[in-house]
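Okay, structure first, notes after.
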Amino acid sequence: MLFRSNTTSPVAASRGSETKTIMEFLAESPSVDVSRAWERCWNIHSRITDRIMARFPVTRHPSTAGEDYWTSPDGQLEGCFKAYSGPEMDWLVHSWLGNRKASILDMNATAFLAQQNQVPHLCIIFGTIPKLYFYAEYTPRVDLRTHYDYLLKYYEPANEDFLKFRSDPKWTRFVSHGTYLRAMMSPVAVSSHAELDDDNIGTCEKFLVKFMDRWFKWLDEAEVLPEEQRAAQQQYDYTVRELGYRTDPMNVLPQKVLGMQEFNRRLDMRIGVQQMAETRGRWK
């Protein structure tokens with residue numbers, strides 16, 4: 001089995017559940033069928049991406065053609081990758097990767113806005129390891145340490161809901177081992193795991209109703225970013241987007257299964273390297 005480990009290191013055995021790696025979780029339960037969870041979580045993601053596409057004029061990016069369903073040659077990985085782009089939406093991703101018969105899923109609905117405003121980007125992830133993993137984030141467009149007004153505008157309103165979610169005893173915080181991914185996170189980023197059951201998926205679904213409504217309200221009320229500031233904003237956005245994908249600790253899994261050449265091709269597709277090359281500098 002891809003995820004089975006015959007030995008457990010002393011460090012892994014003593015590590016608390018907050019800091020276990022995904023691979024350690026998978027080694028404990030490598031053969032769980034998570035197809036039912038995939039169906040429900042994928043439907044939640046689909047409703048989210050449909051709502052975003054109803055607002056923004058986007059088209060399927062040609063670099064993702066033929067990726068509606070794929071499998072690795074050995075059948076150990078399967079997935080789907082769809083990405084869309086438009087005048088006000090740089091990179092809208094609806095994707096999943098994993099093995100529905102072998103515990104692991106990584107499902108993404110991610111929206112990287114273009115530079116007409118500074119509303120935070122959006123990232124919503126469901127995963128199975130085979131515990132349920134949930135990540136919900138408004139990705140900042142500025143350094144929050146030096147933009148206090150931005151923090152008050154976009155993160156203070158979400159603070160109460162974040163604290164309420166964190167206080168739920170069914171959920172345990174999940175700490176990424178990637179230092180850059182932790183540096184990316186805002187103060188209200190939800191990154192937690194719980195038992196894989198319908199009630200816990202339902203908790204996420206309810207949380208996302210207000211989470212999404214808040215984001216769309218920000219879009220409705222967004223101030224226009226002056227054109228002379230958009231080139232710098234694009235550089236910031238593209239740097240965060242690329243580094244977030246390239247430094248993901250989970251990259252070791254597709255590297256192992258696909259080999260470096262195919263992994264790098266897929267990584268560039270996930271990042272949207274072609275879309276960035278097509279649009280970089282358009283505000284100059």
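Within each chain, counting starts at residue 1; across the structure tokens, chains are named A, B, ... in the order shown, with ligands numbered 1 upward in that order.
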
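Residues surrounding A:Ile129 within 7 Å are A:Ile22, A:Phe25, A:Leu26, A:Ser103, A:Ile104, A:Leu105 [only C-alpha atoms; sequence separation below 6 positions excluded].
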
Create the file for the chosen residues now, containing C-alpha atoms and written as a PDB file, in the first residue's frame.
```
ATOM      1  CA  ILE A  22      -0.682  13.844   7.187  1.00  0.00           C
ATOM      2  CA  PHE A  25      -2.291   9.886  10.033  1.00  0.00           C
ATOM      3  CA  LEU A  26      -2.428   7.914   6.784  1.00  0.00           C
ATOM      4  CA  SER A 103      -7.987   7.196   2.828  1.00  0.00           C
ATOM      5  CA  ILE A 104      -6.496  10.290   1.176  1.00  0.00           C
ATOM      6  CA  LEU A 105      -8.316  13.225  -0.404  1.00  0.00           C
TER       7      LEU A 105
END
```

(request) Please identify which residues in stretch 61-153 of chain A DSSP calls helix (DSSP H, G or I) from the backbone, and express them as a PyMOL selection string. (result) chain A and resi 62-64+148-153

Restricted to C-alpha atoms, what would the selected residues look like written as a compact mmCIF listing (two decimals), in the first residue's frame?
```
# COMPACT_ATOMS: atom_id res chain seq x y z
CA PRO A 62 -6.80 25.94 -21.73
CA SER A 63 -3.87 24.71 -19.64
CA THR A 64 -6.35 22.55 -17.70
CA TYR A 148 -3.87 47.52 10.77
CA ASP A 149 -6.88 49.12 9.08
CA TYR A 150 -6.98 46.23 6.60
CA LEU A 151 -6.92 43.75 9.46
CA LEU A 152 -9.78 45.53 11.21
CA LYS A 153 -11.81 45.65 8.00
```

(message) Ranking A:Gln261, A:Gln234, A:Ser167, A:Gly98 by minimum distance to A:Gly281 and counting only C-alpha atoms, which one comes first?
(response)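 Looking only at the distances to A:Gly281, the closest residue turns out to be A:Gln234.
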
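Every protein or nucleic acid residue with an atom no more than 12 Å from A:Ser176, counting only C-alpha atoms and leaving out same-chain residues fewer than 5 positions away, appears here: Ser17, Glu18, Thr19, Lys20, Thr21, Ile22, Met23, Tyr133, Tyr135, Leu181, Arg182, Ala183, Met184, Met185, Val190, Ser191, Ser192, His193, Thr247, Asp248, Pro249 and Met250 of chain A.
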
(message) Using only C-alpha atoms for the distances, tell me which of A:Glu223, A:Asp168, A:Glu242, A:Asp198 is nearest to A:Asn117.
(response)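 Of the candidates, the smallest distance to A:Asn117 is held by A:Glu223.
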